[in-house]
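**Q** File name coords-v5.cif; file contents mmCIF, C-alpha atoms; full text below.
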```cif
data_final
loop_
_atom_site.group_PDB
_atom_site.id
_atom_site.type_symbol
_atom_site.label_atom_id
_atom_site.label_comp_id
_atom_site.auth_asym_id
_atom_site.auth_seq_id
_atom_site.Cartn_x
_atom_site.Cartn_y
_atom_site.Cartn_z
ATOM 1 C CA MET O 1214 10.021 -7.426 -112.434
ATOM 2 C CA ARG O 1215 6.990 -5.773 -114.046
ATOM 3 C CA ILE O 1216 8.482 -6.286 -117.510
ATOM 4 C CA ASN O 1217 8.883 -9.997 -116.754
ATOM 5 C CA TYR O 1218 5.191 -10.295 -115.819
ATOM 6 C CA ILE O 1219 4.137 -8.482 -118.973
ATOM 7 C CA SER O 1220 6.375 -10.691 -121.094
ATOM 8 C CA LEU O 1221 5.007 -13.825 -119.428
ATOM 9 C CA MET O 1222 1.390 -12.737 -120.014
ATOM 10 C CA PHE O 1223 2.178 -11.945 -123.635
ATOM 11 C CA ILE O 1224 3.712 -15.397 -124.154
ATOM 12 C CA ILE O 1225 0.692 -17.096 -122.524
ATOM 13 C CA LEU O 1226 -1.784 -15.148 -124.671
ATOM 14 C CA LEU O 1227 0.232 -15.855 -127.796
ATOM 15 C CA THR O 1228 0.297 -19.549 -126.910
ATOM 16 C CA PHE O 1229 -3.494 -19.596 -126.445
ATOM 17 C CA PHE O 1230 -3.903 -17.818 -129.765
ATOM 18 C CA PHE O 1231 -1.847 -20.358 -131.709
ATOM 19 C CA LEU O 1232 -3.452 -23.313 -129.919
ATOM 20 C CA ASP O 1233 -6.894 -21.896 -130.693
ATOM 21 C CA VAL O 1234 -5.997 -21.520 -134.369
ATOM 22 C CA PHE O 1235 -4.646 -25.064 -134.650
ATOM 23 C CA THR O 1236 -7.644 -26.564 -132.795
ATOM 24 C CA ASN O 1237 -10.267 -24.843 -134.994
ATOM 25 C CA ASN O 1238 -11.292 -22.328 -132.285
ATOM 26 C CA SER O 1239 -12.205 -25.034 -129.789
ATOM 27 C CA ILE O 1240 -10.485 -23.160 -126.927
ATOM 28 C CA SER O 1241 -12.326 -19.878 -127.591
ATOM 29 C CA GLN O 1242 -15.622 -21.758 -127.922
ATOM 30 C CA THR O 1243 -15.005 -23.485 -124.585
ATOM 31 C CA ILE O 1244 -14.246 -20.148 -122.913
ATOM 32 C CA HIS O 1245 -17.358 -18.610 -124.495
ATOM 33 C CA THR O 1246 -19.532 -21.473 -123.240
ATOM 34 C CA PHE O 1247 -18.080 -21.174 -119.738
ATOM 35 C CA PHE O 1248 -18.753 -17.442 -119.453
ATOM 36 C CA SER O 1249 -22.236 -17.855 -120.962
ATOM 37 C CA VAL O 1250 -23.129 -20.387 -118.276
ATOM 38 C CA VAL O 1251 -21.688 -18.172 -115.533
ATOM 39 C CA ALA O 1252 -23.411 -15.018 -116.820
ATOM 40 C CA SER O 1253 -26.829 -16.614 -117.341
ATOM 41 C CA PRO O 1254 -27.934 -16.421 -113.652
ATOM 42 C CA LEU O 1255 -26.773 -12.798 -113.494
ATOM 43 C CA PHE O 1256 -28.796 -11.933 -116.591
ATOM 44 C CA ASN O 1257 -31.896 -13.664 -115.204
ATOM 45 C CA ALA O 1258 -31.479 -11.786 -111.918
ATOM 46 C CA LYS O 1259 -31.225 -8.502 -113.839
ATOM 47 C CA VAL O 1260 -34.470 -9.261 -115.698
ATOM 48 C CA LEU O 1261 -36.278 -10.123 -112.459
ATOM 49 C CA ILE O 1262 -35.092 -6.917 -110.771
ATOM 50 C CA GLU O 1263 -36.196 -4.810 -113.757
ATOM 51 C CA LYS O 1264 -39.634 -6.432 -113.722
ATOM 52 C CA TYR O 1265 -39.922 -5.908 -109.963
ATOM 53 C CA PHE O 1266 -39.186 -2.197 -110.183
ATOM 54 C CA GLU O 1267 -40.979 -1.656 -113.478
ATOM 55 C CA LYS O 1268 -43.556 1.153 -113.405
ATOM 56 C CA ASN O 1269 -46.719 0.145 -115.192
ATOM 57 C CA ILE O 1270 -48.518 2.983 -116.951
ATOM 58 C CA THR O 1271 -52.191 3.031 -116.021
ATOM 59 C CA ILE O 1272 -54.970 5.201 -117.378
ATOM 60 C CA GLN O 1273 -57.270 6.575 -114.714
ATOM 61 C CA ASN O 1274 -60.521 8.326 -115.532
ATOM 62 C CA ILE O 1275 -61.114 10.982 -112.899
ATOM 63 C CA LYS O 1276 -64.724 11.948 -112.272
ATOM 64 C CA ILE O 1277 -65.075 15.288 -110.543
ATOM 65 C CA PHE O 1278 -68.666 14.470 -109.684
ATOM 66 C CA ALA O 1279 -69.464 10.899 -108.727
ATOM 67 C CA ASN O 1280 -72.553 10.404 -110.896
ATOM 68 C CA GLU O 1281 -71.557 12.469 -113.915
ATOM 69 C CA LYS O 1282 -68.969 12.128 -116.633
ATOM 70 C CA PRO O 1283 -67.901 15.602 -117.767
ATOM 71 C CA ASP O 1284 -67.969 16.539 -121.438
ATOM 72 C CA GLU O 1285 -64.599 16.594 -123.169
ATOM 73 C CA LEU O 1286 -63.869 19.501 -125.511
ATOM 74 C CA LEU O 1287 -61.486 19.384 -128.454
ATOM 75 C CA VAL O 1288 -58.303 21.483 -128.306
ATOM 76 C CA LEU O 1289 -57.733 23.086 -131.719
ATOM 77 C CA SER O 1290 -54.430 24.892 -131.252
ATOM 78 C CA GLU O 1291 -52.127 26.545 -128.740
ATOM 79 C CA ASP O 1292 -50.227 29.798 -128.440
ATOM 80 C CA LEU O 1293 -47.904 31.199 -125.778
ATOM 81 C CA LYS O 1294 -50.720 32.374 -123.520
ATOM 82 C CA GLY O 1295 -53.420 29.766 -123.962
ATOM 83 C CA TYR O 1296 -55.455 27.276 -125.973
ATOM 84 C CA TYR O 1297 -58.168 27.555 -128.619
ATOM 85 C CA VAL O 1298 -60.971 25.126 -127.804
ATOM 86 C CA ARG O 1299 -63.934 24.073 -129.928
ATOM 87 C CA ASN O 1300 -67.522 24.683 -128.729
ATOM 88 C CA LEU O 1301 -66.468 26.452 -125.562
ATOM 89 C CA ASN O 1302 -69.846 28.018 -124.876
ATOM 90 C CA LYS O 1303 -69.645 28.752 -121.151
ATOM 91 C CA THR O 1304 -67.169 30.372 -118.791
ATOM 92 C CA GLY O 1305 -65.388 28.491 -116.040
ATOM 93 C CA ILE O 1306 -62.149 26.649 -115.396
ATOM 94 C CA VAL O 1307 -60.639 24.029 -117.676
ATOM 95 C CA LEU O 1308 -58.965 20.775 -116.622
ATOM 96 C CA ASN O 1309 -56.959 18.181 -118.509
ATOM 97 C CA GLU O 1310 -57.964 14.516 -118.647
ATOM 98 C CA LYS O 1311 -56.147 13.844 -115.358
ATOM 99 C CA GLY O 1312 -58.166 16.494 -113.544
ATOM 100 C CA GLN O 1313 -55.317 19.019 -113.327
ATOM 101 C CA LEU O 1314 -56.048 22.705 -113.753
ATOM 102 C CA VAL O 1315 -55.191 23.921 -117.262
ATOM 103 C CA GLY O 1316 -56.551 27.440 -117.246
ATOM 104 C CA PHE O 1317 -59.457 29.868 -117.234
ATOM 105 C CA VAL O 1318 -62.007 30.549 -119.977
ATOM 106 C CA GLU O 1319 -61.388 34.025 -121.391
ATOM 107 C CA LYS O 1320 -63.583 33.848 -124.498
ATOM 108 C CA THR O 1321 -66.580 31.676 -125.326
ATOM 109 C CA GLY O 1322 -67.995 30.656 -128.698
ATOM 110 C CA ASN O 1323 -67.663 28.046 -131.413
ATOM 111 C CA VAL O 1324 -63.943 28.613 -130.980
ATOM 112 C CA GLY O 1325 -63.250 29.709 -127.421
ATOM 113 C CA TYR O 1326 -60.030 30.679 -125.716
ATOM 114 C CA VAL O 1327 -58.540 29.363 -122.468
ATOM 115 C CA SER O 1328 -55.709 31.270 -120.813
ATOM 116 C CA LYS O 1329 -53.039 29.031 -119.283
ATOM 117 C CA TRP O 1330 -53.115 29.347 -115.512
ATOM 118 C CA TRP O 1331 -49.327 29.788 -115.318
ATOM 119 C CA GLU O 1332 -49.673 32.808 -117.617
ATOM 120 C CA SER O 1333 -52.505 34.247 -115.501
ATOM 121 C CA GLU O 1334 -52.691 35.783 -112.036
ATOM 122 C CA PHE O 1335 -54.961 34.705 -109.191
ATOM 123 C CA PRO O 1336 -55.020 33.975 -105.437
ATOM 124 C CA VAL O 1337 -53.653 30.660 -104.215
ATOM 125 C CA THR O 1338 -53.752 28.530 -101.087
ATOM 126 C CA LEU O 1339 -50.487 27.218 -99.641
ATOM 127 C CA GLU O 1340 -50.775 24.165 -97.432
ATOM 128 C CA ALA O 1341 -47.879 23.149 -95.192
ATOM 129 C CA THR O 1342 -47.859 20.421 -92.535
ATOM 130 C CA ASN O 1343 -49.549 22.457 -89.818
ATOM 131 C CA LEU O 1344 -50.291 25.664 -91.663
ATOM 132 C CA THR O 1345 -52.596 26.954 -94.410
ATOM 133 C CA ILE O 1346 -52.041 30.449 -95.762
ATOM 134 C CA THR O 1347 -53.173 32.615 -98.668
ATOM 135 C CA GLY O 1348 -50.917 33.998 -101.380
ATOM 136 C CA TYR O 1349 -51.115 35.498 -104.848
ATOM 137 C CA TYR O 1350 -49.674 34.010 -108.032
ATOM 138 C CA LYS O 1351 -48.319 36.213 -110.818
ATOM 139 C CA GLY O 1352 -45.498 35.802 -113.307
ATOM 140 C CA TYR O 1353 -44.218 32.437 -112.016
ATOM 141 C CA ARG O 1354 -43.910 33.893 -108.509
ATOM 142 C CA ILE O 1355 -46.008 33.776 -105.381
ATOM 143 C CA THR O 1356 -46.473 36.750 -103.084
ATOM 144 C CA ILE O 1357 -47.396 36.061 -99.467
ATOM 145 C CA PRO O 1358 -48.708 39.192 -97.750
ATOM 146 C CA ASP O 1359 -48.523 37.859 -94.178
ATOM 147 C CA PRO O 1360 -45.366 39.414 -92.616
ATOM 148 C CA ASN O 1361 -45.327 36.780 -89.873
ATOM 149 C CA ILE O 1362 -44.534 33.969 -92.315
ATOM 150 C CA SER O 1363 -40.864 33.040 -92.731
ATOM 151 C CA LEU O 1364 -40.652 32.527 -96.492
ATOM 152 C CA GLU O 1365 -37.203 30.913 -96.354
ATOM 153 C CA LYS O 1366 -38.461 28.169 -94.044
ATOM 154 C CA LEU O 1367 -41.869 27.635 -95.647
ATOM 155 C CA GLN O 1368 -42.413 24.342 -97.475
ATOM 156 C CA ALA O 1369 -45.913 23.905 -98.852
ATOM 157 C CA LYS O 1370 -48.044 22.607 -101.692
ATOM 158 C CA VAL O 1371 -49.704 25.306 -103.761
ATOM 159 C CA TYR O 1372 -53.336 25.084 -104.854
ATOM 160 C CA MET O 1373 -55.760 27.391 -106.594
ATOM 161 C CA SER O 1374 -57.384 29.418 -103.822
ATOM 162 C CA GLU O 1375 -60.074 27.619 -101.863
ATOM 163 C CA TYR O 1376 -62.178 30.771 -102.199
ATOM 164 C CA LEU O 1377 -62.337 30.553 -105.996
ATOM 165 C CA PRO O 1378 -64.964 28.396 -107.738
ATOM 166 C CA TYR O 1379 -63.938 24.717 -107.530
ATOM 167 C CA GLY O 1380 -60.836 25.663 -105.535
ATOM 168 C CA LYS O 1381 -61.665 23.527 -102.524
ATOM 169 C CA LEU O 1382 -62.744 20.629 -104.739
ATOM 170 C CA LEU O 1383 -59.430 20.562 -106.620
ATOM 171 C CA LYS O 1384 -57.530 20.840 -103.351
ATOM 172 C CA ASN O 1385 -59.423 17.887 -101.897
ATOM 173 C CA TYR O 1386 -58.486 15.861 -104.985
ATOM 174 C CA GLY O 1387 -54.823 16.792 -104.491
ATOM 175 C CA MET O 1388 -54.587 18.746 -107.759
ATOM 176 C CA HIS O 1389 -51.798 21.100 -106.722
ATOM 177 C CA LEU O 1390 -50.064 23.669 -108.918
ATOM 178 C CA GLY O 1391 -46.578 23.012 -107.591
ATOM 179 C CA TYR O 1392 -44.430 23.369 -104.493
ATOM 180 C CA TYR O 1393 -43.266 26.422 -102.573
ATOM 181 C CA GLU O 1394 -39.885 25.828 -100.967
ATOM 182 C CA ASN O 1395 -37.222 28.179 -99.589
ATOM 183 C CA GLY O 1396 -38.892 31.207 -101.131
ATOM 184 C CA ILE O 1397 -39.098 29.627 -104.606
ATOM 185 C CA PHE O 1398 -42.208 28.382 -106.397
ATOM 186 C CA LYS O 1399 -41.500 25.123 -108.242
ATOM 187 C CA ILE O 1400 -44.246 25.121 -110.818
ATOM 188 C CA ASN O 1401 -46.041 21.988 -112.018
ATOM 189 C CA ILE O 1402 -47.194 22.694 -115.578
ATOM 190 C CA PRO O 1403 -49.846 20.175 -116.690
ATOM 191 C CA LYS O 1404 -49.730 18.266 -119.950
ATOM 192 C CA VAL O 1405 -52.578 18.932 -122.356
ATOM 193 C CA SER O 1406 -53.481 16.332 -124.962
ATOM 194 C CA GLU O 1407 -56.311 16.492 -127.495
ATOM 195 C CA ARG O 1408 -59.195 17.181 -125.121
ATOM 196 C CA VAL O 1409 -59.984 19.181 -122.008
ATOM 197 C CA ILE O 1410 -62.837 19.343 -119.495
ATOM 198 C CA LEU O 1411 -64.871 22.441 -118.649
ATOM 199 C CA LEU O 1412 -66.226 23.120 -115.162
ATOM 200 C CA GLU O 1413 -68.803 25.879 -115.546
ATOM 201 C CA SER O 1414 -68.582 29.063 -113.517
ATOM 202 C CA TYR O 1415 -70.751 29.662 -110.488
ATOM 203 C CA GLY O 1416 -70.739 32.403 -107.869
ATOM 204 C CA ASN O 1417 -68.176 35.198 -108.039
ATOM 205 C CA ASP O 1418 -64.838 34.935 -109.807
ATOM 206 C CA ASN O 1419 -62.354 36.843 -107.636
ATOM 207 C CA ARG O 1420 -59.221 35.909 -109.545
ATOM 208 C CA ASN O 1421 -58.015 39.479 -109.929
ATOM 209 C CA GLU O 1422 -58.498 40.461 -106.309
ATOM 210 C CA GLN O 1423 -55.364 40.474 -104.154
#
```
Using structure tokens, write down the structure that the file contains.
**A**
Amino acid sequence: MRINYISLMFIILLTFFFLDVFTNNSISQTIHTFFSVVASPLFNAKVLIEKYFEKNITIQNIKIFANEKPDELLVLSEDLKGYYVRNLNKTGIVLNEKGQLVGFVEKTGNVGYVSKWWESEFPVTLEATNLTITGYYKGYRITIPDPNISLEKLQAKVYMSEYLPYGKLLKNYGMHLGYYENGIFKINIPKVSERVILLESYGNDNRNEQ
């Protein structure tokens, strides 16, 4: 029975082929026109759906202080631990153009050096839904000294410690360093383009205190 169906389909296709040849492809052109008309609404619907869900890229200038535009410093080069930045004459923390933490000034001068925060070590603030705790970042890991915290159940955003210079400001702007979930720190490494922003040091820098 199956062989009969296959034979019948083969005969029909062969008949269409010969008819199409003898009619100067009029049959194939008719079929092409039919499917083009049928497919046109589907194609238009696809385009509309893509436009609806399309993500437009916008450039947002973030001002850390409302009435001041921070100076942008030129990044000269990069190595595994940090960035070389031109005219880095003061200590402090360095942000990218989106306001995300890039690192800490380790050396000032005409060519200064900024250590990448993910290659550094410093205290952090972890903020969960109804809980804010202190931890310490080092080597892509976070240590939480409080023995009462269940690390396996903790889900929190990680920020530079509120007790470090500009820590609370960056936290209020939502500039987190990543997520802590099920005992694992999922790091959010910022992108650095041609320029960075320096926020000058003030007060005490307690980055190395646990």
**Q** Which residues come within 7 Å of Thr1321 in chain O, counting all atoms listed in the file, excluding same-chain residues fewer than 5 positions away, as a list in words?
**A**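 In the requested form, the answer reads Leu1301, Asn1302, Lys1303, Thr1304 and Tyr1326 of chain O.
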**Q** Just checking: using all atoms listed in the file, which residue out of O:Glu1394, O:Glu1310, O:Asp1292, O:Glu1375 ends up closest to Val1409 in chain O?
**A**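 With all atoms listed in the file as the atom set, the closest residue is O:Glu1310.
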**Q** In Å, rounded to a single decimal, give me how far CA of Val1298 in chain O is from CA of Ser1328 in chain O.
**A**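 CA of Ser1328 in chain O sits 10.7 Å away from CA of Val1298 in chain O.
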**Q** Taking 5 positions as the minimum chain separation for residues in the same chain, which residues sit within 7 Å of Gln1313 in chain O when counting all atoms listed in the file? Answer as a list in words.
**A**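 Here the qualifying residues turn out to be Leu1308, Met1388 and Pro1403 of chain O.
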**Q** Using CA of Asn1343 in chain O and CA of Gly1316 in chain O as the two end points, give the distance in Å to one decimal.
**A**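 That distance, rounded to one decimal, is 28.7 Å.
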**Q** Could you give me, as number ranges by chain, the residues within 7 Å of range 1329-1331 of chain O, counting only C-alpha atoms and dropping anything in the same chain fewer than 5 positions from it?
**A** O: 1294-1295, 1315-1317, 1353
**Q** So what do you get for CA of Ile1402 in chain O versus CA of Leu1390 in chain O, distance-wise?
**A**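 Answer for the CA of Ile1402 in chain O to CA of Leu1390 in chain O separation: 7.3 Å.
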**Q** Once you count all atoms listed in the file, what closest atom pair and distance in Å to one decimal does each residue of range 1284-1341 of chain O within 7 Å of range 1358-1369 of chain O have, with rows by chain and rising residue number, as CSV?
**A**
```
residue,atom,partner,partner_atom,distance
O:Leu1339,CA,O:Ala1369,CA,5.7
O:Glu1340,CA,O:Ala1369,CA,5.1
O:Ala1341,CA,O:Ala1369,CA,4.2
```
**Q** Generate the output file for the selected residues, C-alpha atoms, as a PDB file, keeping the file's coordinate frame.
**A**
```pdb
ATOM      1  CA  LEU O1339     -50.487  27.218 -99.641  1.00  0.00           C
ATOM      2  CA  GLU O1340     -50.775  24.165 -97.432  1.00  0.00           C
ATOM      3  CA  ALA O1341     -47.879  23.149 -95.192  1.00  0.00           C
TER       4      ALA O1341
END
```
**Q** Written as a PyMOL selection string, what is the full residue list that the PyMOL selection byres ((chain O and resi 1312) around 12) yields on the file shown?
**A** chain O and resi 1273-1278+1283+1285+1306-1311+1313-1316+1379+1382-1390+1403-1405+1408-1412
**Q** Using only C-alpha atoms for the distances, tell me which of O:Gly1305, O:Pro1254, O:Gly1325, O:Gly1391 is nearest to Tyr1350 in chain O.
**A**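 Among the listed residues, O:Gly1391 lies closest to Tyr1350 in chain O.
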**Q** Can you tell me, as a count of residues only, what residues are no more than 9 Å from Tyr1376 in chain O when counting all atoms listed in the file, ignoring any on the same chain fewer than 4 positions away?
**A** 6
**Q** O:Ser1220, O:Thr1228, O:Thr1243, O:Ser1374: which is nearest Thr1347 in chain O, counting all atoms listed in the file?
**A**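 Nearest candidate to Thr1347 in chain O out of O:Ser1220, O:Thr1228, O:Thr1243, O:Ser1374: O:Ser1374.
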**Q** Given 4 Å on each side, where is the centre and what are the edge lengths in Å to one decimal of the axis-aligned box enclosing the listed atoms of range 1220-1224 of chain O, as lines of an AutoDock Vina configuration file?
**A**
```
center_x = 3.9
center_y = -13.0
center_z = -121.8
size_x = 13.0
size_y = 12.7
size_z = 12.7
```
**Q** Skipping near chain neighbours, those fewer than 4 positions away, what residues fall within 7 Å of Phe1398 in chain O using only C-alpha atoms, listed as a PDB file with C-alpha atoms, keeping the file's coordinate frame?
**A**
```
ATOM      1  CA  ARG O1354     -43.910  33.893-108.509  1.00  0.00           C
ATOM      2  CA  ILE O1355     -46.008  33.776-105.381  1.00  0.00           C
ATOM      3  CA  TYR O1392     -44.430  23.369-104.493  1.00  0.00           C
ATOM      4  CA  TYR O1393     -43.266  26.422-102.573  1.00  0.00           C
ATOM      5  CA  GLU O1394     -39.885  25.828-100.967  1.00  0.00           C
TER       6      GLU O1394
END
```
**Q** With only C-alpha atoms as the basis for distance, which of O:Ile1400, O:Ile1357, O:Leu1287, O:Ile1224 is at the shortest distance from Val1324 in chain O?
**A** O:Leu1287
